[in-house]
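Only one structure is covered here, and it is reproduced in the block below.
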Amino acid sequence: MTAVSARKRGTGRVVARLGRGDRSPLGLWFWEIDRVLLLLVTVLLSIGLVAVAAGSPAAAARYSGAGLTISPLAYFWKQLVWVLLGLPVMIGISMLPQQVARRLALAGASFFSVILALVPIIGNERNGATRWIGYGFAQFQPSEFLKPLFIVAIAWILSLRVHDRALPVVPITFLLTAIVSALLMMQPDFGQTVVFVSVWMALMLVSGMSMRTMGALGGMGSLGIVAAYFLYPVAKTRINNFLFADGDTYQVDQAHATLTAGGLFGTGPGGGEKKFHLPEAHTDYIFSVIGEEFGLIACMAIAALFLAIAVRVFVKLLDEEDAFLVYASAGLATQFTVQAFINIAVNVGLAPSKGMTLPFISYGGSSMIALSIGFGLLLAFTRKNPYLLRSPYVVKWSSR
């Protein structure tokens, strides 16, 4: 057996490794996986490493001091480790049978829901919010891990209606989403709450809810934002800063100045100067760093990549008949798109300042591993069997 070919046991025929005749687990995975989606996420990961390398010197300079000196590329090397850990996780999950992936996601959703409920009790406070749990290197943000797993759980509950139309799946999923939202607002984390609620509403739309009901839900969402404005001082301050330029607008002003400093083509790698005034150049405002050093054209290309992922998934779902796979894939694609939209909107000044990472591009261990889990699930749920489609034993139904 060689790296190029493998002799099929019991015959003299030689099967090319990863060729269409390769029926090994790796060969089957290679031909079943959506290689376009895999390529798109690989491009995002590559861009992310370059972007973190560009933002790392600014972050290192900001957090150095008081006897602590951080290497200019420290955050890049850490991010490289997270990518090297996250990529096998993504590939491994994408190779799971769809039923196994679903069961593991449901178990994970239950586990991280309990952990999320414990965050206000034993979590660590940082910048006025309690969102992290654990200590030292083992700290993580439970809401990041819960997002993709919760989406799969909601998709599974909605799919049960296919077998029994009398099941109250919509009220159940609404209640679960409301509980998670309440736990998030206790931290408080308004941005993550918006993501959870947005994905739930998208799944309601995909599942066939009437536009009148969707309009009512939209009205409830607007009331929720108004309630957050009056009940949460942080939300009120940021909304006032955004709408009325009232108070400290330093972050928004610096993000805009950095984003536009490079023009269409950027100052070149390492040539940015405005980034050193950004509060979180390697995480929340990495999109602005990309704009300064690689230009607005690069920013538009990144936005197009996220849009391409969403379009690719929804186009594939047009021929999918399994309700669970439709809901789960649509929900996961919506999560990536909404999270990217929020981050980009904050950077370009279309939304109030909010700590939301840019998927696969911003620095962060919890974010990278959680996103890898989510995208691995998406790859698993969009996998097709090309051999099944070619089999003469497949029954094809006709409407005649």
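Chains: A, B, ... in order of the structure tokens. Residues: from 1 per chain. Ligands: from 1, in order shown.
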- Task: Show which residues sit within 6 Å of Glu293 (chain A), as a list in words. Count only C-alpha atoms, and ignore same-chain residues fewer than 3 positions away.
- Result: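 After dropping sequence-adjacent residues, the list is Gly262, Gly266, Thr267, Gly268, Pro269, Gly272 and Ile290 of chain A.
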Keeping all heavy atoms for every residue in the selection just given, could you write it to a file as a PDB file, in the first residue's frame?
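Result file follows (out38.pdb):
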ATOM      1  N   GLY A 262      -6.656  52.952   5.091  1.00  0.00           N
ATOM      2  CA  GLY A 262      -5.916  52.286   4.026  1.00  0.00           C
ATOM      3  C   GLY A 262      -6.480  52.474   2.644  1.00  0.00           C
ATOM      4  O   GLY A 262      -5.880  52.000   1.664  1.00  0.00           O
ATOM      5  N   GLY A 266      -5.153  49.438   0.896  1.00  0.00           N
ATOM      6  CA  GLY A 266      -4.470  49.280   2.160  1.00  0.00           C
ATOM      7  C   GLY A 266      -3.046  49.803   2.188  1.00  0.00           C
ATOM      8  O   GLY A 266      -2.461  50.126   1.151  1.00  0.00           O
ATOM      9  N   THR A 267      -2.511  49.863   3.386  1.00  0.00           N
ATOM     10  CA  THR A 267      -1.138  50.339   3.572  1.00  0.00           C
ATOM     11  C   THR A 267      -0.121  49.226   3.392  1.00  0.00           C
ATOM     12  O   THR A 267       1.086  49.485   3.365  1.00  0.00           O
ATOM     13  CB  THR A 267      -0.967  50.926   4.978  1.00  0.00           C
ATOM     14  OG1 THR A 267      -1.246  49.909   5.953  1.00  0.00           O
ATOM     15  CG2 THR A 267      -1.910  52.094   5.195  1.00  0.00           C
ATOM     16  N   GLY A 268      -0.593  47.979   3.298  1.00  0.00           N
ATOM     17  CA  GLY A 268       0.310  46.844   3.208  1.00  0.00           C
ATOM     18  C   GLY A 268       0.480  46.173   4.556  1.00  0.00           C
ATOM     19  O   GLY A 268       0.286  46.810   5.607  1.00  0.00           O
ATOM     20  N   PRO A 269       0.853  44.882   4.579  1.00  0.00           N
ATOM     21  CA  PRO A 269       1.017  44.156   5.847  1.00  0.00           C
ATOM     22  C   PRO A 269       2.032  44.835   6.764  1.00  0.00           C
ATOM     23  O   PRO A 269       3.163  45.122   6.367  1.00  0.00           O
ATOM     24  CB  PRO A 269       1.534  42.777   5.396  1.00  0.00           C
ATOM     25  CG  PRO A 269       1.075  42.650   3.983  1.00  0.00           C
ATOM     26  CD  PRO A 269       1.110  44.030   3.407  1.00  0.00           C
ATOM     27  N   GLY A 272       0.098  49.505   9.004  1.00  0.00           N
ATOM     28  CA  GLY A 272      -0.946  50.276   9.666  1.00  0.00           C
ATOM     29  C   GLY A 272      -0.465  50.972  10.922  1.00  0.00           C
ATOM     30  O   GLY A 272       0.336  50.410  11.683  1.00  0.00           O
ATOM     31  N   ILE A 290      -8.032  44.950   9.079  1.00  0.00           N
ATOM     32  CA  ILE A 290      -7.968  44.446   7.701  1.00  0.00           C
ATOM     33  C   ILE A 290      -8.179  45.585   6.712  1.00  0.00           C
ATOM     34  O   ILE A 290      -7.483  45.683   5.691  1.00  0.00           O
ATOM     35  CB  ILE A 290      -9.017  43.342   7.484  1.00  0.00           C
ATOM     36  CG1 ILE A 290      -8.681  42.123   8.353  1.00  0.00           C
ATOM     37  CG2 ILE A 290      -9.089  42.936   6.013  1.00  0.00           C
ATOM     38  CD1 ILE A 290      -9.761  41.067   8.358  1.00  0.00           C
TER      39      ILE A 290
END
Give me the residues near region 275-287 of chain A as an mmCIF file with N, CA, C and O atoms, in the first residue's frame, where near means some atom within 7 Å (using only C-alpha atoms) and where sequence neighbours in that chain fewer than 2 positions away do not count.
data_model
loop_
_atom_site.group_PDB
_atom_site.id
_atom_site.type_symbol
_atom_site.label_atom_id
_atom_site.label_comp_id
_atom_site.auth_asym_id
_atom_site.auth_seq_id
_atom_site.Cartn_x
_atom_site.Cartn_y
_atom_site.Cartn_z
ATOM 1 N N ALA A 51 -4.813 38.137 9.423
ATOM 2 C CA ALA A 51 -5.404 39.294 10.095
ATOM 3 C C ALA A 51 -4.947 39.390 11.549
ATOM 4 O O ALA A 51 -4.658 40.484 12.049
ATOM 5 N N VAL A 52 -4.890 38.250 12.249
ATOM 6 C CA VAL A 52 -4.433 38.270 13.641
ATOM 7 C C VAL A 52 -2.964 38.667 13.704
ATOM 8 O O VAL A 52 -2.544 39.391 14.618
ATOM 9 N N GLY A 55 -3.037 42.365 13.535
ATOM 10 C CA GLY A 55 -3.558 43.036 14.722
ATOM 11 C C GLY A 55 -2.792 42.734 15.992
ATOM 12 O O GLY A 55 -2.905 43.470 16.983
ATOM 13 N N SER A 56 -1.989 41.665 15.985
ATOM 14 C CA SER A 56 -1.278 41.247 17.187
ATOM 15 C C SER A 56 -0.333 42.317 17.750
ATOM 16 O O SER A 56 -0.317 42.535 18.968
ATOM 17 N N ALA A 58 -0.547 45.549 17.732
ATOM 18 C CA ALA A 58 -1.334 46.585 18.404
ATOM 19 C C ALA A 58 -1.868 46.087 19.738
ATOM 20 O O ALA A 58 -1.837 46.801 20.744
ATOM 21 N N ALA A 59 -2.364 44.835 19.760
ATOM 22 C CA ALA A 59 -2.870 44.270 21.007
ATOM 23 C C ALA A 59 -1.743 44.075 22.007
ATOM 24 O O ALA A 59 -1.906 44.331 23.201
ATOM 25 N N GLN A 251 -14.298 54.342 20.768
ATOM 26 C CA GLN A 251 -14.146 53.079 20.050
ATOM 27 C C GLN A 251 -14.689 53.182 18.628
ATOM 28 O O GLN A 251 -14.036 52.759 17.663
ATOM 29 N N GLN A 254 -12.437 55.479 16.461
ATOM 30 C CA GLN A 254 -11.167 54.856 16.102
ATOM 31 C C GLN A 254 -11.363 53.731 15.094
ATOM 32 O O GLN A 254 -10.537 53.531 14.197
ATOM 33 N N ALA A 255 -12.458 52.990 15.233
ATOM 34 C CA ALA A 255 -12.733 51.921 14.282
ATOM 35 C C ALA A 255 -12.947 52.482 12.882
ATOM 36 O O ALA A 255 -12.423 51.954 11.885
ATOM 37 N N THR A 258 -9.594 53.794 11.485
ATOM 38 C CA THR A 258 -8.698 52.696 11.098
ATOM 39 C C THR A 258 -9.175 52.019 9.827
ATOM 40 O O THR A 258 -8.382 51.723 8.925
ATOM 41 N N GLY A 272 0.098 49.505 9.004
ATOM 42 C CA GLY A 272 -0.946 50.276 9.666
ATOM 43 C C GLY A 272 -0.465 50.972 10.922
ATOM 44 O O GLY A 272 0.336 50.410 11.683
ATOM 45 N N GLU A 273 -0.930 52.173 11.151
ATOM 46 C CA GLU A 273 -0.595 52.935 12.351
ATOM 47 C C GLU A 273 -1.833 53.222 13.208
ATOM 48 O O GLU A 273 -1.748 53.279 14.430
ATOM 49 N N VAL A 289 -8.792 46.587 11.194
ATOM 50 C CA VAL A 289 -7.371 46.373 10.928
ATOM 51 C C VAL A 289 -7.175 45.865 9.504
ATOM 52 O O VAL A 289 -6.264 46.303 8.790
ATOM 53 N N ILE A 290 -8.032 44.950 9.079
ATOM 54 C CA ILE A 290 -7.968 44.446 7.701
ATOM 55 C C ILE A 290 -8.179 45.585 6.712
ATOM 56 O O ILE A 290 -7.483 45.683 5.691
ATOM 57 N N GLY A 291 -9.120 46.483 7.020
ATOM 58 C CA GLY A 291 -9.370 47.613 6.140
ATOM 59 C C GLY A 291 -8.163 48.523 6.016
ATOM 60 O O GLY A 291 -7.856 49.017 4.921
ATOM 61 N N ASN A 343 -20.537 41.841 13.700
ATOM 62 C CA ASN A 343 -19.164 42.328 13.830
ATOM 63 C C ASN A 343 -18.837 43.372 12.772
ATOM 64 O O ASN A 343 -18.280 44.433 13.071
ATOM 65 N N ILE A 344 -19.196 43.091 11.529
ATOM 66 C CA ILE A 344 -18.906 44.030 10.439
ATOM 67 C C ILE A 344 -19.694 45.322 10.620
ATOM 68 O O ILE A 344 -19.173 46.420 10.402
ATOM 69 N N ASN A 347 -18.028 47.537 13.106
ATOM 70 C CA ASN A 347 -16.793 48.118 12.585
ATOM 71 C C ASN A 347 -17.049 49.253 11.604
ATOM 72 O O ASN A 347 -16.269 50.216 11.547
ATOM 73 N N GLY A 355 -19.076 43.531 21.749
ATOM 74 C CA GLY A 355 -17.998 42.553 21.700
ATOM 75 C C GLY A 355 -18.435 41.276 21.016
ATOM 76 O O GLY A 355 -18.890 40.335 21.675
ATOM 77 N N MET A 356 -18.316 41.238 19.696
ATOM 78 C CA MET A 356 -18.700 40.064 18.921
ATOM 79 C C MET A 356 -17.569 39.737 17.956
ATOM 80 O O MET A 356 -17.144 40.577 17.174
ATOM 81 N N THR A 357 -17.063 38.510 18.029
ATOM 82 C CA THR A 357 -15.944 38.131 17.176
ATOM 83 C C THR A 357 -16.395 37.901 15.737
ATOM 84 O O THR A 357 -17.550 37.568 15.479
ATOM 85 N N SER A 362 -11.333 36.534 13.934
ATOM 86 C CA SER A 362 -10.915 37.152 15.188
ATOM 87 C C SER A 362 -10.132 36.171 16.054
ATOM 88 O O SER A 362 -10.333 34.951 15.989
ATOM 89 N N TYR A 363 -9.258 36.727 16.888
ATOM 90 C CA TYR A 363 -8.502 35.914 17.837
ATOM 91 C C TYR A 363 -9.426 35.412 18.947
ATOM 92 O O TYR A 363 -10.327 36.115 19.387
#
- Item | Backbone DSSP call of strand (DSSP E or B) for region 97-148 of chain A, listed as a list in words |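 Strand (DSSP E or B) assignments inside region 97-148 of chain A correspond to Asn124, Glu125, Arg126, Ala129, Thr130, Arg131, Trp132, Ile133 and Phe140 of chain A.
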Store the residues of this selection in a file with N, CA, C and O atoms, as an mmCIF file, in the first residue's frame.
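Wrote it out as again_5.cif, contents follow:
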data_model
loop_
_atom_site.group_PDB
_atom_site.id
_atom_site.type_symbol
_atom_site.label_atom_id
_atom_site.label_comp_id
_atom_site.auth_asym_id
_atom_site.auth_seq_id
_atom_site.Cartn_x
_atom_site.Cartn_y
_atom_site.Cartn_z
ATOM 1 N N ASN A 124 -16.495 34.286 36.027
ATOM 2 C CA ASN A 124 -15.483 35.312 36.264
ATOM 3 C C ASN A 124 -15.908 36.624 35.620
ATOM 4 O O ASN A 124 -16.313 36.642 34.456
ATOM 5 N N GLU A 125 -15.810 37.703 36.377
ATOM 6 C CA GLU A 125 -16.188 39.018 35.858
ATOM 7 C C GLU A 125 -15.034 39.628 35.077
ATOM 8 O O GLU A 125 -13.872 39.560 35.488
ATOM 9 N N ARG A 126 -15.376 40.203 33.930
ATOM 10 C CA ARG A 126 -14.372 40.858 33.103
ATOM 11 C C ARG A 126 -15.037 42.026 32.376
ATOM 12 O O ARG A 126 -16.026 41.835 31.673
ATOM 13 N N ALA A 129 -18.801 42.416 32.949
ATOM 14 C CA ALA A 129 -19.705 41.337 32.548
ATOM 15 C C ALA A 129 -19.163 40.011 33.063
ATOM 16 O O ALA A 129 -17.959 39.797 33.138
ATOM 17 N N THR A 130 -20.063 39.104 33.402
ATOM 18 C CA THR A 130 -19.693 37.772 33.884
ATOM 19 C C THR A 130 -20.105 36.758 32.834
ATOM 20 O O THR A 130 -21.249 36.290 32.806
ATOM 21 N N ARG A 131 -19.161 36.422 31.944
ATOM 22 C CA ARG A 131 -19.461 35.531 30.819
ATOM 23 C C ARG A 131 -18.548 34.321 30.757
ATOM 24 O O ARG A 131 -18.794 33.408 30.000
ATOM 25 N N TRP A 132 -17.476 34.332 31.536
ATOM 26 C CA TRP A 132 -16.463 33.288 31.465
ATOM 27 C C TRP A 132 -16.531 32.408 32.700
ATOM 28 O O TRP A 132 -16.933 32.842 33.769
ATOM 29 N N ILE A 133 -16.097 31.167 32.516
ATOM 30 C CA ILE A 133 -16.074 30.212 33.610
ATOM 31 C C ILE A 133 -14.755 29.447 33.551
ATOM 32 O O ILE A 133 -14.195 29.251 32.466
ATOM 33 N N PHE A 140 -13.297 29.474 29.598
ATOM 34 C CA PHE A 140 -14.030 29.429 28.338
ATOM 35 C C PHE A 140 -15.371 30.115 28.512
ATOM 36 O O PHE A 140 -15.838 30.326 29.635
#
- Note on the structure: From CA of Pro359 (chain A) to CA of Gln339 (chain A) the spacing works out at 7.1 Å
Could you list, as a short mmCIF file (atom, residue, chain, number, x, y, z; two decimals) with N, CA and C atoms, in the first residue's frame, every residue within 12 Å of Arg35 (chain A), counting only C-alpha atoms and ignoring same-chain residues fewer than 6 positions away?
data_model
loop_
_atom_site.label_atom_id
_atom_site.label_comp_id
_atom_site.auth_asym_id
_atom_site.auth_seq_id
_atom_site.Cartn_x
_atom_site.Cartn_y
_atom_site.Cartn_z
N TRP A 29 -15.71 10.02 2.95
CA TRP A 29 -15.87 11.37 3.46
C TRP A 29 -15.51 12.40 2.39
N VAL A 41 -14.31 27.76 4.16
CA VAL A 41 -13.91 27.93 5.55
C VAL A 41 -12.39 27.87 5.69
N THR A 42 -11.72 27.11 4.83
CA THR A 42 -10.26 27.09 4.85
C THR A 42 -9.69 28.45 4.47
N ILE A 91 -12.96 18.64 11.18
CA ILE A 91 -12.92 17.51 10.25
C ILE A 91 -13.48 16.26 10.92
N SER A 94 -17.22 16.45 11.11
CA SER A 94 -17.82 16.34 9.77
C SER A 94 -17.82 14.92 9.26
N ILE A 309 -20.99 31.42 1.84
CA ILE A 309 -21.27 30.26 2.68
C ILE A 309 -22.78 30.11 2.89
N ARG A 312 -24.48 29.11 -0.43
CA ARG A 312 -24.16 27.72 -0.76
C ARG A 312 -25.03 26.76 0.05
N VAL A 313 -25.16 27.01 1.34
CA VAL A 313 -25.95 26.12 2.19
C VAL A 313 -27.41 26.14 1.80
N LEU A 379 -20.99 20.78 8.06
CA LEU A 379 -20.43 19.91 7.02
C LEU A 379 -21.02 18.51 7.11
N ALA A 380 -21.26 18.02 8.33
CA ALA A 380 -21.84 16.69 8.50
C ALA A 380 -23.28 16.65 8.00
N THR A 382 -24.70 18.59 5.76
CA THR A 382 -24.85 18.87 4.32
C THR A 382 -24.15 17.82 3.46
N ARG A 383 -23.67 16.76 4.11
CA ARG A 383 -22.97 15.71 3.37
C ARG A 383 -23.97 14.90 2.54
N LYS A 384 -23.56 14.53 1.35
CA LYS A 384 -24.39 13.71 0.46
C LYS A 384 -23.66 12.42 0.14
#
- Message: I need the residue nearest Cys299 (chain A) from this list: A:Thr237, A:Ile172, A:Thr334, A:Leu259. Use only C-alpha atoms for the distance.
- Response: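 Among A:Thr237, A:Ile172, A:Thr334, A:Leu259, it is A:Leu259 that comes nearest to Cys299 (chain A).
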- Message: What parts of region 98-198 of chain A does DSSP call alpha helix (DSSP H)? I'd like the answer as a ChimeraX atom specification.
- Response: /A:98-122,142-159,169-185,190-198
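The closest residue to Asp189 (chain A), picked from A:Ala153, A:Pro148, A:Leu158, A:Gln141 and counting only C-alpha atoms, is A:Gln141.
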